[in-house]
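Here is my_file_31.txt, consisting of compact mmCIF, C-alpha atoms:
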# COMPACT_ATOMS: atom_id res chain seq x y z
CA MET A 85 0.00 0.00 0.00
CA ASN A 86 2.88 2.40 0.80
CA GLY A 87 4.21 1.81 -2.72
CA TRP A 88 0.89 2.84 -4.27
CA ASN A 89 0.71 5.88 -1.96
CA ASP A 90 4.22 6.92 -3.01
CA PHE A 91 3.34 6.45 -6.69
CA ALA A 92 0.15 8.50 -6.36
CA ARG A 93 1.94 11.24 -4.44
CA THR A 94 4.74 11.40 -7.01
CA ALA A 95 2.27 11.47 -9.91
CA PHE A 96 0.34 14.30 -8.26
CA PHE A 97 3.37 16.52 -7.86
CA ALA A 98 4.59 15.71 -11.37
CA ALA A 99 1.25 17.01 -12.64
CA ALA A 100 1.59 20.07 -10.41
CA VAL A 101 4.99 20.80 -11.91
CA ALA A 102 3.78 20.42 -15.48
CA LEU A 103 0.73 22.66 -14.96
CA PRO A 104 2.65 26.00 -14.92
CA ALA A 105 4.12 25.21 -18.32
CA VAL A 106 0.65 24.73 -19.78
CA VAL A 107 -0.67 27.88 -18.15
CA MET A 108 2.29 30.06 -19.15
CA ALA A 109 2.66 28.67 -22.65
CA GLY A 110 0.43 31.35 -24.08
CA SER A 111 1.89 34.19 -22.07
CA PHE A 112 5.45 34.03 -23.33
CA GLU A 113 6.70 34.91 -26.80
CA GLU A 114 9.68 33.50 -28.61
CA GLY A 115 12.50 36.01 -28.89
CA ILE A 116 11.14 38.53 -26.40
CA LEU A 117 14.61 39.84 -25.51
CA VAL A 118 16.22 42.55 -27.64
CA THR A 119 19.96 42.61 -27.24
CA ASP A 120 22.19 45.59 -28.01
CA ARG A 121 23.44 43.87 -31.15
CA ALA A 122 19.96 43.17 -32.45
CA GLU A 123 18.99 46.81 -31.97
CA THR A 124 21.78 47.98 -34.27
CA THR A 125 20.26 46.04 -37.17
CA VAL A 126 16.72 47.33 -36.92
CA GLY A 127 15.53 48.82 -40.16
CA PRO A 128 14.59 52.49 -40.62
CA VAL A 129 11.72 53.76 -38.50
CA ASP A 130 10.13 57.06 -37.63
CA ALA A 131 12.65 59.49 -36.11
CA GLU A 132 10.07 61.24 -33.95
CA ILE A 133 10.22 61.15 -30.17
CA MET A 134 8.23 58.07 -29.16
CA LEU A 135 6.35 56.93 -26.09
CA PRO A 136 7.54 53.93 -24.05
CA GLY A 137 6.80 50.68 -25.83
CA GLU A 138 7.51 52.06 -29.31
CA SER A 139 10.66 51.54 -31.34
CA ILE A 140 13.76 52.93 -29.65
CA LEU A 141 15.69 53.39 -32.88
CA VAL A 142 15.91 56.50 -35.06
CA GLN A 143 15.37 56.55 -38.83
CA PRO A 144 18.41 57.79 -40.91
CA GLU A 145 18.26 61.22 -42.56
CA GLU A 146 17.12 61.42 -46.22
CA GLY A 147 20.58 62.45 -47.45
CA MET A 148 22.01 59.26 -46.22
CA ALA A 149 19.45 56.97 -47.82
CA HIS A 150 21.24 56.64 -51.17
CA GLU A 151 24.62 55.97 -49.51
CA GLU A 152 23.13 53.31 -47.30
CA GLY A 153 21.53 51.69 -50.32
CA MET A 154 24.91 51.49 -52.06
CA ALA A 155 26.51 50.07 -48.95
CA HIS A 156 23.79 47.47 -48.77
CA GLU A 157 24.57 46.37 -52.32
CA GLU A 158 28.28 46.17 -51.49
CA GLY A 159 27.95 43.73 -48.62
CA MET A 160 25.87 44.93 -45.68
CA ALA A 161 23.22 42.35 -46.46
CA HIS A 162 25.65 39.69 -45.38
CA GLU A 163 26.32 41.43 -42.04
CA GLU A 164 22.60 41.70 -41.23
CA ALA A 165 22.11 38.04 -42.03
CA VAL A 166 24.80 37.13 -39.53
CA VAL A 167 23.42 39.28 -36.73
CA GLY A 168 20.02 37.58 -36.64
CA PRO A 169 16.31 38.45 -36.75
CA VAL A 170 15.16 42.04 -37.08
CA PHE A 171 12.86 43.54 -34.44
CA GLU A 172 11.04 46.72 -35.42
CA SER A 173 9.75 47.47 -31.91
CA LEU A 174 10.10 46.36 -28.33
CA PRO A 175 8.10 43.26 -27.38
CA ALA A 176 4.73 43.50 -25.73
CA SER A 177 6.30 42.57 -22.39
CA GLU A 178 8.07 45.96 -22.32
CA SER A 179 4.71 47.64 -21.67
CA SER A 180 3.89 45.20 -18.84
CA ALA A 181 5.10 45.08 -15.24
CA VAL A 182 8.38 43.54 -16.39
CA GLY A 183 8.82 46.39 -18.83
CA CYS A 184 8.32 48.93 -16.02
CA ILE A 185 10.98 47.16 -13.97
CA ASN A 186 13.35 47.16 -16.93
CA ARG A 187 13.00 50.93 -17.31
CA VAL A 188 13.80 51.52 -13.61
CA LEU A 189 16.64 49.07 -13.06
CA ARG A 190 19.89 48.59 -14.91
CA PRO A 191 19.95 46.13 -17.84
CA ALA A 192 19.72 42.43 -17.00
CA THR A 193 18.94 39.38 -19.11
CA PRO A 194 16.73 37.72 -18.01
CA ARG A 195 15.01 40.07 -15.59
CA LEU A 196 12.88 37.48 -13.77
CA VAL A 197 13.36 33.73 -13.23
CA ALA A 198 10.63 31.54 -11.71
CA GLN A 199 11.10 27.94 -10.59
CA VAL A 200 8.51 25.34 -9.57
CA ASP A 201 9.81 21.98 -8.35
CA ALA A 202 8.46 18.80 -6.82
CA LEU A 203 10.64 17.99 -3.79
CA MET A 204 10.71 14.26 -2.89
CA LEU A 205 12.55 13.53 0.37
CA TRP A 206 13.43 10.63 2.65
CA GLN A 207 14.25 10.93 6.35
CA GLY A 208 17.58 9.49 7.45
CA ASN A 209 19.56 9.20 10.71
CA VAL A 210 16.59 8.03 12.84
CA ALA A 211 18.31 7.29 16.15
CA SER A 212 17.73 4.08 18.09
CA ARG A 213 15.37 4.35 21.06
CA PRO A 214 14.08 1.01 22.48
CA LEU A 215 10.39 1.08 23.39
CA TYR A 216 9.58 -2.51 24.39
CA THR A 217 11.71 -5.53 25.32
CA ASP A 218 10.88 -9.20 24.83
CA ASN A 219 10.09 -10.79 28.20
CA THR A 220 11.52 -14.11 27.03
CA THR A 221 14.83 -13.05 25.53
CA GLY A 222 15.32 -9.62 27.10
CA LEU A 223 16.12 -8.19 23.68
CA THR A 224 14.54 -5.13 22.12
CA ALA A 225 11.23 -6.05 20.52
CA LEU A 226 10.27 -2.60 19.22
CA ASP A 227 12.48 0.41 18.50
CA VAL A 228 11.69 3.89 17.19
CA ASN A 229 14.09 3.49 14.26
CA GLN A 230 12.13 0.46 13.03
CA ALA A 231 9.34 2.78 11.92
CA ARG A 232 11.07 3.63 8.66
CA THR A 233 9.41 6.58 7.00
CA ALA A 234 8.26 6.50 3.40
CA MET A 235 9.10 9.13 0.81
CA ALA A 236 7.39 12.46 1.44
CA ALA A 237 6.74 15.03 -1.28
CA GLY A 238 5.84 18.68 -1.52
CA PRO A 239 6.22 21.78 -3.71
CA ARG A 240 9.16 24.18 -3.80
CA TYR A 241 8.88 27.64 -5.36
CA GLY A 242 11.68 30.03 -6.26
CA LEU A 243 11.68 33.55 -7.70
CA PHE A 244 14.76 35.55 -8.76
CA LEU A 245 14.79 39.26 -9.60
CA ASN A 246 17.99 40.27 -11.41
CA LEU A 247 18.71 43.90 -10.53
CA ASP A 248 21.54 43.94 -13.07
CA ASP A 249 24.03 41.45 -14.47
CA CYS A 250 25.77 41.19 -11.08
CA HIS A 251 23.17 41.52 -8.31
CA ALA A 252 19.88 39.72 -7.66
CA ILE A 253 17.24 39.10 -4.99
CA GLU A 254 16.11 35.51 -4.40
CA GLY A 255 13.03 34.16 -2.60
CA ASN A 256 12.33 30.48 -1.90
CA TYR A 257 9.62 28.47 -0.13
CA PHE A 258 8.98 24.73 0.26
CA ASN A 259 6.67 22.53 2.33
CA VAL A 260 7.09 18.74 2.56
CA ARG A 261 5.02 16.29 4.62
CA SER A 262 4.30 13.77 6.14
CA PHE A 263 7.33 11.41 6.58
CA ALA A 264 4.99 8.70 7.91
CA GLY A 265 6.24 5.39 9.32
CA GLU A 266 4.79 2.48 11.34
CA ARG A 267 5.95 -0.77 13.00
CA SER A 268 4.29 -3.25 15.40
CA THR A 269 5.07 -6.46 17.27
CA ALA A 270 3.47 -9.87 16.93
CA PRO A 271 0.64 -10.52 19.47
CA THR A 272 1.95 -12.47 22.48
CA TYR A 273 0.23 -12.65 25.88
CA ASP A 274 2.35 -10.73 28.43
CA GLY A 275 5.15 -10.93 25.90
CA TYR A 276 6.55 -7.39 26.10
CA MET A 277 7.64 -4.90 28.75
CA MET A 278 7.57 -1.12 28.41
CA LYS A 279 11.00 0.48 28.52
CA ASP A 280 10.86 3.87 30.25
CA ILE A 281 7.93 5.28 28.29
CA ALA A 282 6.63 8.26 30.30
CA GLY A 283 7.07 6.26 33.51
CA LEU A 284 4.60 3.52 32.52
CA PRO A 285 5.74 0.09 33.87
CA TYR A 286 3.29 -2.28 32.21
CA THR A 287 3.59 -5.70 30.59
CA VAL A 288 1.66 -5.81 27.31
CA ASP A 289 0.50 -8.30 24.69
CA TRP A 290 1.05 -6.15 21.59
CA ALA A 291 2.72 -2.80 20.79
CA GLN A 292 2.89 -0.36 17.90
CA VAL A 293 4.83 2.81 17.08
CA MET A 294 3.79 5.40 14.48
CA THR A 295 5.63 8.55 13.42
CA SER A 296 5.11 11.51 11.11
CA GLY A 297 6.82 14.83 10.40
CA GLN A 298 6.71 18.04 8.37
CA ILE A 299 9.30 20.57 7.24
CA GLN A 300 8.70 23.97 5.68
CA SER A 301 11.05 26.82 4.96
CA ALA A 302 10.97 30.37 3.60
CA GLU A 303 14.03 32.46 2.76
CA LEU A 304 15.01 35.78 1.21
CA ASN A 305 18.58 36.21 -0.06
CA TRP A 306 20.78 38.86 -1.62
CA ARG A 307 22.96 37.43 -4.41
CA ARG A 308 26.15 38.85 -5.91
CA ARG A 309 28.04 37.31 -8.81
CA GLN A 310 31.81 37.04 -8.31
CA GLN A 311 33.80 39.26 -10.64
CA GLY A 312 37.00 38.18 -12.39
CA GLY A 313 35.67 35.20 -14.30
CA LEU A 314 35.06 32.86 -11.33
CA PRO A 315 31.74 30.98 -11.71
CA ILE A 316 30.60 31.77 -8.15
CA THR A 317 27.59 33.69 -6.86
CA TRP A 318 27.71 34.65 -3.18
CA LEU A 319 24.49 34.85 -1.22
CA ALA A 320 23.36 35.96 2.23
CA GLY A 321 19.94 36.46 3.74
CA PHE A 322 17.26 35.56 6.28
CA ARG A 323 15.58 32.17 6.67
CA TRP A 324 12.76 30.58 8.65
CA VAL A 325 12.57 26.81 9.08
CA GLU A 326 9.92 24.75 10.85
CA TRP A 327 10.31 21.07 11.76
CA ASN A 328 7.32 19.44 13.50
CA GLN A 329 7.14 15.77 14.40
CA ARG A 330 4.70 13.38 16.10
CA LEU A 331 5.34 10.00 17.72
CA GLN A 332 2.51 7.74 18.91
CA VAL A 333 2.97 4.53 20.91
CA ASN A 334 0.02 2.14 21.28
CA ASP A 335 -0.20 -1.13 23.21
CA VAL A 336 -2.77 -3.68 24.36
CA TYR A 337 -2.67 -5.77 27.54
CA ALA A 338 -4.82 -8.34 29.39
CA TYR A 339 -6.11 -9.88 26.17
CA GLY A 340 -7.25 -6.50 24.92
CA ALA A 341 -8.99 -5.43 28.12
CA GLY A 342 -6.61 -2.49 28.52
CA VAL A 343 -5.06 -0.04 26.10
CA ASP A 344 -2.24 2.52 26.50
CA THR A 345 -1.62 5.39 24.09
CA VAL A 346 1.32 7.78 24.41
CA ASN A 347 1.43 10.81 22.10
CA VAL A 348 4.51 13.02 21.84
CA VAL A 349 4.46 16.15 19.67
CA THR A 350 7.52 18.34 19.16
CA GLY A 351 7.85 21.62 17.29
CA ASN A 352 10.84 23.71 16.28
CA ASP A 353 10.70 27.21 14.79
CA LEU A 354 14.10 28.38 13.57
CA TYR A 355 14.82 32.02 12.66
CA GLY A 356 18.16 33.43 11.60
CA GLY A 357 20.67 34.52 9.01
CA GLN A 358 22.44 32.33 6.52
CA ALA A 359 25.24 32.61 3.98
CA GLY A 360 26.45 30.45 1.12
CA MET A 361 27.39 30.21 -2.52
CA ASP A 362 26.05 29.04 -5.87
CA VAL A 363 28.75 27.52 -8.09
CA ALA A 364 28.38 26.86 -11.83
CA LEU A 365 29.80 23.35 -12.36
CA TRP A 366 28.98 23.16 -16.07
CA ASN A 367 27.93 26.01 -18.33
CA ARG A 368 29.30 26.11 -21.88
CA GLY A 369 26.51 28.32 -23.17
CA GLY A 370 24.61 25.34 -24.56
CA PHE A 371 21.36 23.64 -23.65
CA LEU A 372 22.64 22.03 -20.41
CA LYS A 373 23.73 23.74 -17.18
CA VAL A 374 24.74 22.19 -13.85
CA ASP A 375 25.25 24.12 -10.62
CA ALA A 376 25.76 23.37 -6.93
CA VAL A 377 24.44 25.46 -4.06
CA GLY A 378 25.30 25.36 -0.37
CA LYS A 379 24.02 27.56 2.43
CA ALA A 380 23.97 27.35 6.22
CA GLY A 381 23.49 29.41 9.35
CA ILE A 382 23.09 29.50 13.12
CA PHE A 383 19.45 30.01 14.08
CA TYR A 384 17.37 30.91 17.11
CA ASN A 385 15.12 27.92 17.91
CA ASN A 386 11.81 28.26 19.74
CA ALA A 387 11.13 24.60 20.61
CA PHE A 388 8.40 22.79 22.54
CA GLN A 389 7.33 19.27 23.45
CA ARG A 390 3.88 18.06 24.48
CA THR A 391 3.36 14.54 25.81
CA GLY A 392 -0.07 13.03 26.34
CA VAL A 393 -0.64 9.78 28.24
CA PRO A 394 -4.42 9.15 28.27
CA THR A 395 -4.34 5.87 30.22
CA GLU A 396 -7.44 4.56 31.95
CA PHE A 397 -5.93 5.47 35.34
CA VAL A 398 -4.41 8.98 35.40
CA PRO A 399 -4.71 11.04 32.18
CA LEU A 400 -1.73 13.35 31.72
CA THR A 401 -0.66 16.06 29.33
CA ALA A 402 2.77 17.53 30.00
CA TYR A 403 4.25 20.54 28.21
CA ALA A 404 7.72 22.11 28.14
CA LYS A 405 9.53 24.60 25.91
CA ALA A 406 13.04 25.91 25.36
CA GLU A 407 14.80 28.73 23.53
CA GLN A 408 18.28 28.05 22.22
CA THR A 409 20.46 28.05 19.11
CA ALA A 410 20.28 25.49 16.33
CA PHE A 411 22.00 24.79 13.02
CA PHE A 412 20.43 24.42 9.59
CA GLY A 413 22.27 23.68 6.38
CA GLU A 414 21.30 22.89 2.79
CA PHE A 415 23.26 21.43 -0.10
CA GLY A 416 22.04 20.68 -3.61
CA VAL A 417 23.12 19.89 -7.15
CA ASN A 418 20.77 20.97 -9.93
CA SER A 419 20.81 20.51 -13.69
CA SER A 420 18.84 22.59 -16.16
CA LEU A 421 17.99 21.51 -19.72
CA ARG A 422 16.75 24.31 -21.97
CA LEU A 423 13.55 23.40 -23.83
CA THR A 424 12.76 26.78 -25.40
CA LYS A 425 14.17 30.30 -25.16
CA TRP A 426 12.14 30.89 -21.99
CA LEU A 427 11.55 27.43 -20.51
CA SER A 428 13.87 24.79 -19.01
CA TRP A 429 13.39 21.44 -17.29
CA ARG A 430 15.17 21.01 -13.95
CA ALA A 431 16.32 17.93 -12.03
CA GLY A 432 18.61 17.58 -9.05
CA TYR A 433 19.43 16.30 -5.57
CA SER A 434 18.93 18.13 -2.25
CA LEU A 435 20.07 17.49 1.32
CA PHE A 436 18.95 19.26 4.50
CA TRP A 437 20.53 18.93 7.95
CA ILE A 438 19.06 20.26 11.21
CA SER A 439 20.67 19.93 14.64
CA GLY A 440 19.88 21.30 18.08
CA VAL A 441 16.16 20.51 17.82
CA ALA A 442 13.54 18.65 19.86
CA ILE A 443 12.48 15.26 18.47
CA PRO A 444 9.81 13.00 20.07
CA ALA A 445 12.02 9.98 20.83
CA ASN A 446 14.19 12.11 23.14
CA GLN A 447 11.20 13.21 25.24
CA LEU A 448 9.81 9.80 26.26
CA SER A 449 11.95 9.58 29.40
CA LEU A 450 11.31 13.17 30.49
CA VAL A 451 7.69 12.78 31.58
CA ASN A 452 6.67 10.69 34.61
CA GLN A 453 3.07 9.53 34.37
CA PRO A 454 2.20 10.01 38.07
CA ALA A 455 3.65 13.56 38.08
CA PRO A 456 1.48 16.72 38.15
CA ASN A 457 0.29 17.92 34.77
CA ASP A 458 2.63 20.93 34.66
CA VAL A 459 5.87 19.01 35.33
CA ALA A 460 7.99 18.10 32.31
CA THR A 461 11.35 18.91 30.74
CA ILE A 462 12.54 19.08 27.15
CA ASN A 463 15.53 17.70 25.26
CA THR A 464 16.75 19.76 22.28
CA SER A 465 19.84 17.76 21.33
CA GLY A 466 18.22 15.96 18.41
CA SER A 467 19.10 16.14 14.73
CA VAL A 468 17.29 15.47 11.46
CA LEU A 469 18.65 14.51 8.03
CA LEU A 470 16.42 14.83 4.97
CA HIS A 471 17.54 14.11 1.41
CA GLY A 472 16.03 13.34 -1.96
CA VAL A 473 15.46 14.34 -5.55
CA THR A 474 13.80 17.30 -7.21
CA THR A 475 12.30 17.89 -10.62
CA GLY A 476 10.46 20.82 -12.11
CA LEU A 477 10.38 23.71 -14.54
CA GLU A 478 12.11 27.09 -14.85
CA ALA A 479 10.68 30.04 -16.76
CA ARG A 480 12.58 33.22 -17.71
CA TRP A 481 11.39 36.57 -18.97
Could I get this structure in the form of structure tokens?
Amino acid sequence: MNGWNDFARTAFFAAAVALPAVVMAGSFEEGILVTDRAETTVGPVDAEIMLPGESILVQPEEGMAHEEGMAHEEGMAHEEAVVGPVFESLPASESSAVGCINRVLRPATPRLVAQVDALMLWQGNVASRPLYTDNTTGLTALDVNQARTAMAAGPRYGLFLNLDDCHAIEGNYFNVRSFAGERSTAPTYDGYMMKDIAGLPYTVDWAQVMTSGQIQSAELNWRRRQQGGLPITWLAGFRWVEWNQRLQVNDVYAYGAGVDTVNVVTGNDLYGGQAGMDVALWNRGGFLKVDAVGKAGIFYNNAFQRTGVPTEFVPLTAYAKAEQTAFFGEFGVNSSLRLTKWLSWRAGYSLFWISGVAIPANQLSLVNQPAPNDVATINTSGSVLLHGVTTGLEARW
């Protein structure tokens, strides 16, 4: 069933990635950019002062017409053929919002770049935390890391505004959920013993652990291309990252007459600055480009944990929070294959590392079931590794 869920999730996000191409196909025109060289080959036009959006070139004076005609016969036709297509006026986009930006800022080609990707991630480095032991062998019968999570998918959006050919502003957002996993033991009467789970000391017949998680991030960066021919773009900015996770432990005892359920929810909100670089690994001016990006920072983390133990004896909900520093880093390799003058297909690999955060498995020993409801502590020494593949589209105008 997990395989079909993964296939359906992947197919959904593939469709979501392809949709922008269909929507934007009619809003972009081939050859919308007019370079300096193309402007020099534009044919004669009206020499009057024109409003924005009209031709920016001036018609030659009448006394020069005959001389230009002779020059054309002597070889200028060949030069125009080499330069490329002739544009008699600026494209329609120059009268739009992009055109307004172009008239305010310094020249840049392209002015805007938009990216839409499907981000498909797996959770790694799930630490061992025994939950139940086998009463016969004394060995661990159920561990948190046995609940291996399936692939989780979500969208990632990026928008780049090139202020000129050296500086740009970048915005990114992604949201991936649910990193779900589950594992259970075989039913055995009085076969398993709880191992320090919120102070509960019971022998049970059957046990189960379920986990889920969500990550989302938003960032705003200032980018500056390295001068001197080095293919490096430096970046620095502000980022917000949220990692929320849930762990639920269920068991049955006395032939199903009793049930225990332990719920642990942790949340981490990270705020802070980051710095990094974007390096062009392959760019020969052709259809294929490959680049690598790395960025990291030290963040303020507002973390909490909430543990609920609704047993049939003493219901308990314990809560604790902490404020401390945490680390977040991202590394990725992305390739871009140009499909048209304005559209490219993207594919790559991404890795995210978070440390100094609260995770549910580290909270199970910090709540004692007989304690008052307002007594609990929190552990923020956990770490999370997420990695996976991305695919999507890039549009430029």
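Atom CA of Ala431 of chain A sits 29.0 Å away from atom CA of Pro191 of chain A.
The interatomic distance for the pair atom CA of Ala387 of chain A and atom CA of Trp327 of chain A works out to 9.6 Å.
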Distance query segment 462-465 of chain A at most 7 Å, all atoms listed in the file, self and fewer than 3 positions along chain excluded, as a compact mmCIF listing (two decimals) with C-alpha atoms, in the coordinates of the input:
# COMPACT_ATOMS: atom_id res chain seq x y z
CA GLN A 389 7.33 19.27 23.45
CA ALA A 404 7.72 22.11 28.14
CA LYS A 405 9.53 24.60 25.91
CA GLY A 440 19.88 21.30 18.08
CA VAL A 441 16.16 20.51 17.82
CA ALA A 442 13.54 18.65 19.86
CA ASN A 446 14.19 12.11 23.14
CA GLN A 447 11.20 13.21 25.24
CA LEU A 450 11.31 13.17 30.49
Write out as a ChimeraX atom specification which residues come within 12 Å of Asp344 of chain A when counting only C-alpha atoms, dropping same-chain ones fewer than 3 positions away.
-> /A:278,281-282,284-293,332-338,340-341,347,392-399,453
Nearest to Met204 of chain A by atom-to-atom distance, counting only C-alpha atoms, from A:Ser301, A:Asn219, A:Asn246, A:Ser262 = A:Ser262
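The smallest atom-to-atom distance between Pro315 of chain A and any of A:Ala364, A:Ala460, A:Gly238, A:Ala445, using all atoms listed in the file, is found for A:Ala364.
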Have a look at atom CA of Asn256 of chain A and atom CA of Thr295 of chain A and let me know their distance in Å, one decimal.
->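 Between atom CA of Asn256 of chain A and atom CA of Thr295 of chain A the gap works out to 27.6 Å.
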When distances are computed from all atoms listed in the file, which of A:Ala479, A:Leu319, A:Val363, A:Leu448 shows the smallest separation from Leu427 of chain A?
->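 Smallest distance to Leu427 of chain A is found for A:Ala479.
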For each of A:Leu189, A:Val377, A:Val343, A:Ala198, take the minimum atom-to-atom distance to Ser428 of chain A, counting all atoms listed in the file, then give the residue where this is smallest.
->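 Among the listed residues, the smallest separation from Ser428 of chain A belongs to A:Ala198.
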Out of A:Ala225, A:Ala231, A:Val260, A:Ile382, which residue has the shortest atom-to-atom distance to Leu331 of chain A when counting only C-alpha atoms?
-> A:Ala231
Neighbour list for Arg213 of chain A as a ChimeraX atom specification, cut-off 9 Å, only C-alpha atoms, skip fewer than 2 positions in-chain | /A:211,215,226-229,445-446
With a distance cut-off of 12 Å and all atoms listed in the file, select the neighbouring residues of Thr221 of chain A, excluding the residue or stretch itself and same-chain residues fewer than 6 positions from it, and output the selection as a list in words.
->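 Residues near the query, excluding close chain neighbours: Gly275, Tyr276 and Met277 of chain A.
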C-alpha atoms of the current selection, written as a CSV table (one decimal), in the frame of the given file:
chain,number,residue,atom,x,y,z
A,275,GLY,CA,5.2,-10.9,25.9
A,276,TYR,CA,6.6,-7.4,26.1
A,277,MET,CA,7.6,-4.9,28.8
Nearest-residue call for Arg323 of chain A, choices A:Ala380, A:Ala264, A:Val346, A:Leu372, using all atoms listed in the file |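 That would be A:Ala380, the residue with the smallest distance to Arg323 of chain A.
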Produce a table with one row for each residue of segment 368-391 of chain A that has an atom at most 6 Å from any atom of segment 412-423 of chain A, each row naming the nearest atom pair and its distance in Å at one decimal; use only C-alpha atoms; arrange rows by chain and rising residue number; format as a Markdown table.
| residue | atom | partner | partner_atom | distance |
| --- | --- | --- | --- | --- |
| A:Phe371 | CA | A:Arg422 | CA | 5.0 |
| A:Leu372 | CA | A:Leu421 | CA | 4.7 |
| A:Lys373 | CA | A:Ser420 | CA | 5.1 |
| A:Val374 | CA | A:Ser419 | CA | 4.3 |
| A:Asp375 | CA | A:Asn418 | CA | 5.5 |
| A:Ala376 | CA | A:Val417 | CA | 4.4 |
| A:Val377 | CA | A:Gly416 | CA | 5.4 |
| A:Gly378 | CA | A:Phe415 | CA | 4.4 |
| A:Lys379 | CA | A:Glu414 | CA | 5.4 |
| A:Ala380 | CA | A:Gly413 | CA | 4.0 |
| A:Gly381 | CA | A:Phe412 | CA | 5.9 |
Would you pick out the contacts of segment 247-253 of chain A at 7 Å or less, using all atoms listed in the file, so that residues sharing its chain but fewer than 5 positions from it are not included, and give the list as a compact mmCIF listing (two decimals) with C-alpha atoms, in the coordinates of the input?
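Output contents, as saved in part-v9.txt:
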# COMPACT_ATOMS: atom_id res chain seq x y z
CA LEU A 189 16.64 49.07 -13.06
CA ARG A 190 19.89 48.59 -14.91
CA PRO A 191 19.95 46.13 -17.84
CA ALA A 192 19.72 42.43 -17.00
CA ASN A 305 18.58 36.21 -0.06
CA TRP A 306 20.78 38.86 -1.62
CA ARG A 307 22.96 37.43 -4.41
CA ARG A 308 26.15 38.85 -5.91
CA ARG A 309 28.04 37.31 -8.81
